[in-house]
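A.B. asks: Dropping in data23.txt, with compact mmCIF, C-alpha atoms.
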```txt
# COMPACT_ATOMS: atom_id res chain seq x y z
CA MET A 55 70.52 158.85 263.76
CA ARG A 56 68.90 158.32 267.16
CA LYS A 57 70.58 155.73 269.36
CA GLU A 58 68.65 155.97 272.59
CA TYR A 59 65.37 154.27 273.26
CA SER A 60 62.94 155.58 275.84
CA SER A 61 61.46 153.22 278.43
CA ILE A 62 58.02 153.56 276.78
CA GLU A 63 59.42 152.52 273.40
CA LEU A 64 61.14 149.47 274.84
CA SER A 65 58.28 148.48 277.11
CA TYR A 66 55.78 148.74 274.24
CA GLY A 67 58.16 146.81 271.99
CA PHE A 68 58.45 143.93 274.44
CA LEU A 69 54.77 144.02 275.48
CA PHE A 70 53.73 143.70 271.86
CA LEU A 71 56.33 141.00 271.28
CA ILE A 72 54.36 138.98 273.85
CA PHE A 73 51.10 140.15 272.25
CA HIS A 74 52.19 138.88 268.84
CA LEU A 75 53.50 135.66 270.36
CA CYS A 76 50.04 135.04 271.87
CA ILE A 77 48.32 135.77 268.52
CA GLU A 78 50.37 133.13 266.75
CA VAL A 79 50.07 130.61 269.60
CA VAL A 80 46.28 130.75 269.30
CA SER A 81 46.26 130.83 265.48
CA TYR A 82 48.69 127.98 264.89
CA ALA A 83 47.53 125.78 267.73
CA LEU A 84 43.87 126.04 266.70
CA PHE A 85 44.55 125.81 262.96
CA TYR A 86 46.66 122.65 263.24
CA LEU A 87 44.59 121.04 265.99
CA LYS A 88 41.54 121.13 263.76
CA PHE A 89 43.33 120.91 260.43
CA LYS A 90 41.59 118.93 257.68
CA SER A 91 44.61 117.51 255.92
CA HIS A 92 42.74 116.32 252.82
CA MET A 93 42.06 119.94 251.82
CA VAL A 94 45.38 121.44 252.75
CA THR A 95 45.77 123.75 249.72
CA PHE A 96 42.33 125.21 250.08
CA PHE A 97 42.57 125.91 253.81
CA VAL A 98 46.14 127.25 253.89
CA ILE A 99 45.51 129.66 250.99
CA LEU A 100 42.14 130.64 252.45
CA TYR A 101 43.67 131.30 255.87
CA ASP A 102 46.65 133.20 254.46
CA PHE A 103 44.44 135.36 252.25
CA PHE A 104 42.00 136.35 255.00
CA ALA A 105 44.77 136.85 257.57
CA PHE A 106 47.13 138.93 255.39
CA CYS A 107 45.12 140.85 252.78
CA PRO A 108 42.40 142.50 254.91
CA GLN A 109 45.03 144.02 257.25
CA LEU A 110 45.18 147.02 254.95
CA LEU A 111 41.39 147.46 255.25
CA VAL A 112 41.52 147.00 259.03
CA GLY A 113 44.22 149.69 259.11
CA ASP A 114 41.91 151.98 257.16
CA PHE A 115 39.02 151.12 259.51
CA TYR A 116 41.22 152.03 262.51
CA ASN A 117 42.20 155.31 260.86
CA ARG A 118 38.52 156.27 260.62
CA ASN A 119 37.62 154.96 264.09
CA LYS A 120 40.67 155.60 266.24
CA LYS A 121 38.73 155.30 269.47
CA THR A 122 37.77 151.71 268.64
CA ASN A 123 39.92 149.13 270.40
CA ILE A 124 40.68 146.86 267.46
CA GLY A 125 42.64 144.55 269.78
CA LEU A 126 39.42 143.63 271.59
CA ILE A 127 37.63 143.09 268.25
CA GLY A 128 40.40 140.70 267.19
CA ALA A 129 40.21 138.86 270.52
CA ALA A 130 36.42 138.49 270.10
CA PHE A 131 36.96 136.89 266.66
CA PHE A 132 39.46 134.46 268.25
CA VAL A 133 36.99 133.47 270.99
CA ALA A 134 34.29 132.83 268.37
CA ALA A 135 36.75 130.79 266.26
CA ILE A 136 37.68 128.58 269.25
CA LEU A 137 34.04 127.97 270.18
CA LEU A 138 33.07 127.10 266.58
CA ALA A 139 36.09 124.80 266.18
CA LYS A 140 34.43 122.48 268.71
CA PHE A 141 31.86 121.43 266.09
CA ASP A 142 32.87 118.63 263.76
CA ASN A 143 31.24 120.02 260.64
CA PHE A 144 32.91 121.17 257.42
CA ASN A 145 31.00 124.44 257.03
CA ILE A 146 31.43 125.42 260.68
CA TYR A 147 35.13 124.57 260.50
CA LEU A 148 35.42 126.79 257.44
CA LEU A 149 33.73 129.62 259.33
CA SER A 150 36.07 129.05 262.27
CA VAL A 151 39.13 129.36 259.98
CA LEU A 152 37.75 132.59 258.49
CA LEU A 153 37.08 134.09 261.93
CA LEU A 154 40.54 133.07 263.10
CA ALA A 155 42.13 134.73 260.06
CA ILE A 156 40.12 137.95 260.37
CA GLY A 157 40.84 138.12 264.11
CA ASN A 158 44.50 137.68 263.22
CA ALA A 159 44.26 140.66 260.84
CA PHE A 160 42.69 142.92 263.51
CA LEU A 161 45.30 141.96 266.11
CA HIS A 162 48.25 142.48 263.79
CA VAL A 163 47.08 145.96 262.89
CA CYS A 164 46.54 146.67 266.60
CA GLY A 165 50.18 145.73 267.33
CA ALA A 166 51.45 147.74 264.37
CA VAL A 167 49.63 150.96 265.32
CA ALA A 168 50.35 150.60 269.06
CA THR A 169 54.11 150.22 268.57
CA ALA A 170 54.21 152.92 265.88
CA SER A 171 52.36 155.32 268.19
CA VAL A 172 55.27 155.37 270.67
CA SER A 173 58.19 155.07 268.28
CA GLN A 174 58.70 158.58 266.80
CA ASN A 175 61.41 158.03 264.16
CA LYS A 176 62.60 154.60 265.26
CA ILE A 177 61.65 151.20 263.90
CA PHE A 178 63.02 148.92 266.66
CA PRO A 179 59.80 148.79 268.76
CA SER A 180 57.87 147.73 265.64
CA SER A 181 60.47 145.11 264.76
CA LEU A 182 60.22 143.71 268.31
CA PHE A 183 56.47 143.39 267.79
CA VAL A 184 56.94 141.56 264.49
CA ALA A 185 59.63 139.26 265.95
CA GLY A 186 57.23 137.96 268.60
CA GLY A 187 55.16 136.13 266.01
CA THR A 188 58.01 133.83 265.08
CA PHE A 189 58.29 132.50 268.63
CA GLY A 190 54.49 132.13 268.82
CA ILE A 191 54.37 130.01 265.67
CA ILE A 192 56.68 127.36 267.05
CA ILE A 193 54.91 127.28 270.44
CA GLY A 194 51.54 127.04 268.67
CA ARG A 195 52.78 124.15 266.52
CA TYR A 196 54.11 122.39 269.61
CA LEU A 197 50.79 122.78 271.43
CA ALA A 198 48.98 121.37 268.38
CA ASN A 199 51.41 118.42 268.27
CA ILE A 200 50.69 117.52 271.90
CA LYS A 201 46.96 117.99 271.20
CA ILE A 202 46.28 120.56 273.87
CA ASN A 203 42.66 121.17 274.87
CA THR A 204 41.47 124.21 272.88
CA TYR A 205 40.10 125.85 276.03
CA TYR A 206 43.69 126.45 277.20
CA LEU A 207 43.95 128.87 274.26
CA PHE A 208 41.81 131.29 276.25
CA ILE A 209 44.92 132.00 278.38
CA PRO A 210 46.86 133.74 275.54
CA ILE A 211 43.61 135.46 274.52
CA LEU A 212 43.33 136.87 278.05
CA ILE A 213 46.90 138.19 277.74
CA ILE A 214 45.96 139.80 274.39
CA VAL A 215 42.90 141.41 275.98
CA PHE A 216 44.93 142.63 278.95
CA ILE A 217 47.62 144.22 276.74
CA SER A 218 44.97 145.76 274.42
CA ILE A 219 43.22 147.42 277.36
CA PHE A 220 46.40 148.33 279.26
CA THR A 221 47.98 150.13 276.28
CA ALA A 222 44.79 151.58 274.75
CA LYS A 223 45.24 154.93 276.50
CA ARG A 224 48.17 155.60 274.22
CA TRP A 225 46.89 154.52 270.80
CA CYS A 226 43.12 154.16 271.13
CA LYS A 227 42.14 157.84 271.04
CA SER A 228 41.05 160.40 268.47
CA LYS A 229 44.51 161.82 267.79
CA VAL A 230 47.45 159.44 267.71
CA GLU A 231 51.06 160.54 267.23
CA SER A 232 52.49 158.21 264.65
CA ILE A 233 55.97 157.09 263.73
CA ASN A 234 57.76 159.57 261.50
CA VAL A 235 60.30 157.89 259.24
CA ASP A 236 61.46 159.17 255.88
CA ILE A 237 63.88 156.79 254.20
CA VAL A 238 62.82 156.68 250.57
CA ASN A 239 64.47 158.20 247.51
CA LYS A 240 62.21 161.04 246.29
CA LYS A 241 63.51 160.58 242.73
CA TYR A 242 60.92 157.87 242.19
CA SER A 243 57.17 158.23 242.50
CA PHE A 244 55.51 156.97 245.69
CA ALA A 245 53.64 154.34 243.65
CA VAL A 246 56.95 152.91 242.39
CA ILE A 247 58.45 152.86 245.90
CA LEU A 248 55.39 151.14 247.33
CA LEU A 249 55.47 148.61 244.50
CA ILE A 250 59.15 147.93 245.21
CA ALA A 251 58.37 147.42 248.93
CA ILE A 252 55.64 144.91 248.00
CA ILE A 253 57.92 143.10 245.51
CA VAL A 254 60.73 142.81 248.09
CA VAL A 255 58.30 141.42 250.68
CA MET A 256 57.01 138.96 248.05
CA VAL A 257 60.58 137.88 247.31
CA ARG A 258 61.33 137.43 251.03
CA SER A 259 58.12 135.48 251.53
CA TYR A 260 58.81 133.24 248.53
CA MET A 261 62.47 132.72 249.47
CA GLY A 262 61.38 131.62 252.93
CA PHE A 263 59.78 128.61 251.29
CA VAL A 264 62.45 127.67 248.76
CA ILE A 265 65.63 127.94 250.87
CA PRO A 266 66.93 124.35 250.99
CA ILE A 267 67.53 123.04 254.51
CA ASN A 268 68.67 119.43 254.83
CA TRP A 269 69.63 119.43 258.50
CA LYS A 270 66.19 120.00 259.97
CA SER A 271 65.13 116.58 261.21
CA GLU A 272 64.26 117.13 264.88
CA PHE A 273 61.74 119.42 266.50
CA TYR A 274 64.46 121.31 268.36
CA HIS A 275 65.97 122.20 264.95
CA SER A 276 62.72 123.98 264.12
CA ILE A 277 62.81 125.75 267.49
CA LEU A 278 66.36 126.94 266.74
CA LEU A 279 65.42 128.03 263.21
CA PHE A 280 62.43 130.04 264.40
CA THR A 281 64.38 131.56 267.27
CA PHE A 282 67.04 132.83 264.87
CA LEU A 283 64.40 134.14 262.47
CA GLY A 284 62.77 136.05 265.31
CA ILE A 285 66.08 137.42 266.59
CA GLY A 286 66.95 138.50 263.02
CA LYS A 287 63.71 140.47 262.69
CA ALA A 288 64.27 142.23 266.01
CA ILE A 289 67.97 142.94 265.40
CA GLY A 290 67.14 144.23 261.89
CA GLY A 291 65.14 147.09 263.45
CA LEU A 292 67.87 147.83 265.96
CA LEU A 293 70.56 147.97 263.25
CA CYS A 294 68.36 150.17 261.03
CA ASP A 295 68.14 152.71 263.85
CA LYS A 296 71.83 152.50 264.74
CA PHE A 297 73.58 152.18 261.37
CA GLY A 298 70.99 153.13 258.77
CA TYR A 299 68.72 151.22 256.43
CA LYS A 300 71.20 150.79 253.57
CA PHE A 301 73.63 149.01 255.87
CA VAL A 302 70.92 146.53 256.87
CA VAL A 303 69.91 146.03 253.23
CA THR A 304 73.49 145.13 252.29
CA ILE A 305 74.12 142.64 255.10
CA SER A 306 70.64 141.19 254.87
CA THR A 307 70.36 140.64 251.13
CA LEU A 308 73.99 140.00 250.14
CA LEU A 309 75.79 138.61 253.20
CA CYS A 310 73.01 136.11 253.87
CA VAL A 311 73.52 134.33 250.53
CA PRO A 312 76.81 132.45 251.22
CA PHE A 313 75.57 131.38 254.64
CA ILE A 314 72.29 130.10 253.21
CA ILE A 315 74.15 128.17 250.48
CA ILE A 316 76.67 126.65 252.89
CA GLY A 317 73.89 126.15 255.41
CA LYS A 318 72.04 123.64 253.25
CA ASP A 319 73.84 120.93 255.23
CA PHE A 320 75.43 122.94 258.08
CA MET A 321 73.02 124.07 260.74
CA PHE A 322 74.89 127.00 262.28
CA ALA A 323 75.74 128.60 258.93
CA SER A 324 72.11 128.22 257.93
CA LEU A 325 70.85 129.71 261.21
CA PHE A 326 73.10 132.73 260.81
CA GLY A 327 72.04 133.12 257.16
CA MET A 328 68.38 133.00 258.15
CA LEU A 329 69.00 135.56 260.89
CA LEU A 330 70.47 137.95 258.29
CA PHE A 331 67.79 137.06 255.75
CA SER A 332 64.92 138.07 258.04
CA MET A 333 66.32 141.54 258.77
CA THR A 334 64.78 143.31 255.74
CA MET A 335 61.35 143.24 257.34
CA SER A 336 62.10 146.52 259.14
CA VAL A 337 63.28 148.14 255.92
CA THR A 338 60.17 147.35 253.87
CA TYR A 339 57.84 148.36 256.70
CA ALA A 340 59.71 151.66 257.11
CA MET A 341 59.48 152.24 253.33
CA ALA A 342 55.70 151.84 253.48
CA LEU A 343 55.57 154.10 256.56
CA SER A 344 57.60 156.76 254.73
CA ILE A 345 54.84 157.01 252.11
CA ILE A 346 51.71 156.22 254.09
CA LYS A 347 52.48 158.58 256.93
CA ASN A 348 50.23 158.72 260.00
CA ASN A 349 48.54 155.49 259.01
CA PRO A 350 50.76 152.65 260.24
CA GLY A 351 47.92 150.13 260.04
CA VAL A 352 47.58 150.63 256.28
CA ALA A 353 51.38 150.70 255.83
CA PHE A 354 51.68 147.40 257.69
CA GLY A 355 48.79 145.99 255.63
CA VAL A 356 50.56 146.84 252.38
CA THR A 357 53.55 144.72 253.38
CA THR A 358 51.38 141.77 254.43
CA ILE A 359 49.73 141.72 250.99
CA GLY A 360 53.25 141.08 249.65
CA LEU A 361 53.62 138.19 252.09
CA PHE A 362 50.49 136.54 250.74
CA LEU A 363 51.39 137.09 247.07
CA GLY A 364 54.89 135.71 247.65
CA ALA A 365 53.56 132.58 249.31
CA VAL A 366 51.00 131.64 246.63
CA PRO A 367 53.42 130.22 243.97
CA VAL A 368 54.87 127.82 246.54
CA PHE A 369 51.61 125.88 246.63
CA PHE A 370 51.77 125.13 242.93
CA ILE A 371 55.44 125.00 241.86
CA LYS A 372 58.31 123.09 243.43
CA PHE A 373 61.97 123.23 242.37
CA ASP A 374 64.91 120.90 243.02
CA ALA A 375 67.67 121.95 245.44
CA LEU A 376 70.01 123.32 242.75
CA THR A 377 67.33 125.47 241.11
CA SER A 378 66.27 126.67 244.55
CA MET A 379 69.85 127.75 245.29
CA VAL A 380 70.06 129.66 242.00
CA LEU A 381 66.71 131.29 242.80
CA VAL A 382 67.92 132.31 246.26
CA VAL A 383 70.99 134.02 244.76
CA LEU A 384 69.02 135.76 241.98
CA LEU A 385 66.18 136.89 244.23
CA SER A 386 68.62 138.23 246.84
CA LEU A 387 70.35 140.27 244.14
CA VAL A 388 67.02 141.59 242.85
CA SER A 389 66.06 142.63 246.41
CA TYR A 390 69.42 144.33 246.93
CA ILE A 391 69.17 146.33 243.69
CA LEU A 392 65.54 147.33 244.21
CA LEU A 393 66.10 148.41 247.82
CA ASN A 394 69.26 150.29 247.00
CA ILE A 395 67.64 152.42 244.31
CA SER A 396 64.56 153.13 246.41
CA LEU A 397 66.31 154.19 249.63
CA LYS A 398 67.88 157.59 250.06
CA ASN A 399 71.50 157.86 251.17
CA MET B 624 55.68 135.29 261.73
CA PHE B 625 55.30 134.31 258.15
CA LEU B 626 58.24 132.10 257.50
CA ASP B 627 56.47 129.41 259.43
CA ILE B 628 55.96 127.08 256.55
CA ILE B 629 59.70 126.59 256.30
CA VAL B 630 59.06 124.10 259.05
CA GLU B 631 56.16 122.55 257.27
CA THR B 632 57.55 122.76 253.77
CA GLU B 633 58.32 119.08 253.56
CA GLU B 634 55.15 118.00 255.30
CA ILE B 635 52.84 120.32 253.40
CA ILE B 636 54.19 120.90 249.93
CA GLU B 637 54.29 117.24 248.94
CA PRO B 638 50.63 116.55 249.69
CA ILE B 639 49.67 119.86 248.05
CA ILE B 640 51.37 118.96 244.82
CA ASN B 641 50.06 115.41 244.78
CA GLU B 642 46.68 116.30 246.08
CA GLY B 643 44.82 117.29 242.91
CA LYS B 644 41.55 119.19 243.13
CA PRO B 645 40.10 119.42 246.65
CA ALA B 646 36.49 118.34 246.98
CA VAL B 647 35.02 121.65 248.06
CA MET B 648 31.38 122.57 247.58
CA PRO B 649 31.14 124.89 244.53
CA ILE B 650 28.97 127.42 246.38
CA VAL B 651 31.62 127.77 249.08
CA VAL B 652 34.32 128.35 246.48
CA VAL B 653 32.18 130.93 244.67
CA ALA B 654 31.40 132.76 247.94
CA VAL B 655 35.04 132.81 249.00
CA VAL B 656 36.20 133.99 245.57
CA VAL B 657 33.58 136.79 245.51
CA VAL B 658 34.63 137.99 249.00
CA ALA B 659 38.30 137.77 247.99
CA ILE B 660 37.64 139.90 244.87
CA VAL B 661 35.77 142.49 246.96
CA ILE B 662 38.68 142.63 249.45
CA ALA B 663 41.21 142.96 246.61
CA VAL B 664 39.23 145.82 244.99
CA LEU B 665 38.86 147.63 248.33
CA CYS B 666 42.61 147.22 249.00
CA LYS B 667 43.38 148.76 245.61
CA LEU B 668 41.09 151.71 246.32
CA VAL B 669 42.67 152.34 249.74
CA ILE B 670 46.21 152.20 248.29
CA LYS B 671 45.17 154.58 245.49
CA ARG B 672 43.72 157.03 248.02
CA GLU B 673 46.76 156.82 250.30
CA LEU B 674 49.09 157.46 247.35
CA SER B 675 47.06 160.50 246.34
CA ASN B 676 47.17 161.78 249.97
CA ALA B 677 50.93 161.20 250.07
CA LYS B 678 51.45 163.32 246.94
CA ARG B 679 49.50 166.20 248.46
CA VAL B 680 51.66 166.13 251.60
```
Show the structure stored in the file as structure tokens.

C.D. replies:
Amino acid sequence: MRKEYSSIELSYGFLFLIFHLCIEVVSYALFYLKFKSHMVTFFVILYDFFAFCPQLLVGDFYNRNKKTNIGLIGAAFFVAAILLAKFDNFNIYLLSVLLLAIGNAFLHVCGAVATASVSQNKIFPSSLFVAGGTFGIIIGRYLANIKINTYYLFIPILIIVFISIFTAKRWCKSKVESINVDIVNKKYSFAVILLIAIIVVMVRSYMGFVIPINWKSEFYHSILLFTFLGIGKAIGGLLCDKFGYKFVVTISTLLCVPFIIIGKDFMFASLFGMLLFSMTMSVTYAMALSIIKNNPGVAFGVTTIGLFLGAVPVFFIKFDALTSMVLVVLLSLVSYILLNISLKN
Amino acid sequence: MFLDIIVETEEIIEPIINEGKPAVMPIVVVAVVVVAIVIAVLCKLVIKRELSNAKRV
């Protein structure tokens, strides 16, 4: 197991942490600034679908056109979405949401392939990239709450453009060296392993909505919660590289449960539970990368489909606190069993 | 990134459940559903192709 990180791996990890932070700042600030609350179901599902599901297709597009800077394409979609959001018209707002979501898909794939291109057999740089989004979400929500002028959102877009151009030399060329991880149990077919990765992501996505949290009453509670979620995602990658994927699976899926249950009313237990809970992201992404080798954009896109599918039931079914607790325990056990059988020792 | 709605769960879920059918223009719904189906089919094809490539490697 490799324990050292090169300066390029760390610098790309942190650069794309900022990159992802900026993506979510723009997305969440614009989405909630212009949000039409009377059609919440329609717009949230629409946005989630067009942000998460096409990432796989964008990954495939990148694989065929590796010299195309997909970061700049994503930034162009964001600029168009901001300009259209100025119009107070239902159809134009709808178009703005679609452009925002598709831009989001391009930028996520850009971050995934850029970090994978420098990482060799390590997942930490990719997990740093993913962690950045969590911090961006809370900043974006805050900016929407204070009703920031949408033109200020061009600042994070400029940062996205700068990072896309600055790093393009490494990943935006005809032949890209991709991450080389191999963590899956060859006893099962690749289709089964990929299905398990999607199911575990679905479970994590769904659990994120049903975990009961009674203590969150102030905005700073949300900041703390998101900070711990982000740290958990980043540390998950680090621990996978240092101690192996099965170790992370065990602490993430089993150890998180008591803390989440106790944490219903106790903030610090809950924060620690959520930190553990968010660690499996690196495992599922690495599982997809183990099968879809040399195409990190598609591998990343597979996992984001799971995120969308896991979120859909939440819009239509709601459980009481006790049922939610039982679900958390059961779903954690299911994740543990599925991951354990699909990972090699 | 995606656990965001933990924050909004209380604010969003309640109105969603009590909201009933949103008043969206049927043509918009049809267009969105058609595009969504096309995306889903394309995703399936890409996954199928990647799995077949993975077996060959």

A.B. asks: If we count all atoms listed in the file, which residues of chain A reach to within 6 Å of chain B? Please list them as a list in words.

C.D. replies: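 Taking all atoms listed in the file into account, Met93, Thr95, Gly187, Thr188, Gly262 and Phe263 of chain A sit within 6 Å of chain B.
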
A.B. asks: I'd like the contact shell of A:Cys107 - 7 Å cut-off, all atoms listed in the file, skipping same-chain residues fewer than 5 positions apart - returned as a PyMOL selection string.

C.D. replies: chain A and resi 355+358-359

A.B. asks: How many Å separate atom CA of A:Asp374 from atom CA of A:Val98?

C.D. replies: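 Answer for the atom CA of A:Asp374 to atom CA of A:Val98 separation: 22.6 Å.
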
A.B. asks: Set the distance at 12 Å and use all atoms listed in the file: which residues neighbour A:Tyr274 once local chain neighbours fewer than 2 positions away are removed? I'd like the list as a list in words.

C.D. replies: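 With the cut-off at 12 Å, the set is Ile192, Ile193, Tyr196, Trp269, Lys270, Ser271, Glu272, Ser276, Ile277, Leu278, Leu279, Phe280, Thr281 and Met321 of chain A; Val630 of chain B.
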
A.B. asks: What's the separation between atom CA of A:Leu361 and atom CA of A:Glu63, in Å to one decimal place?

C.D. replies: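 Going from atom CA of A:Leu361 over to atom CA of A:Glu63, I get 26.3 Å.
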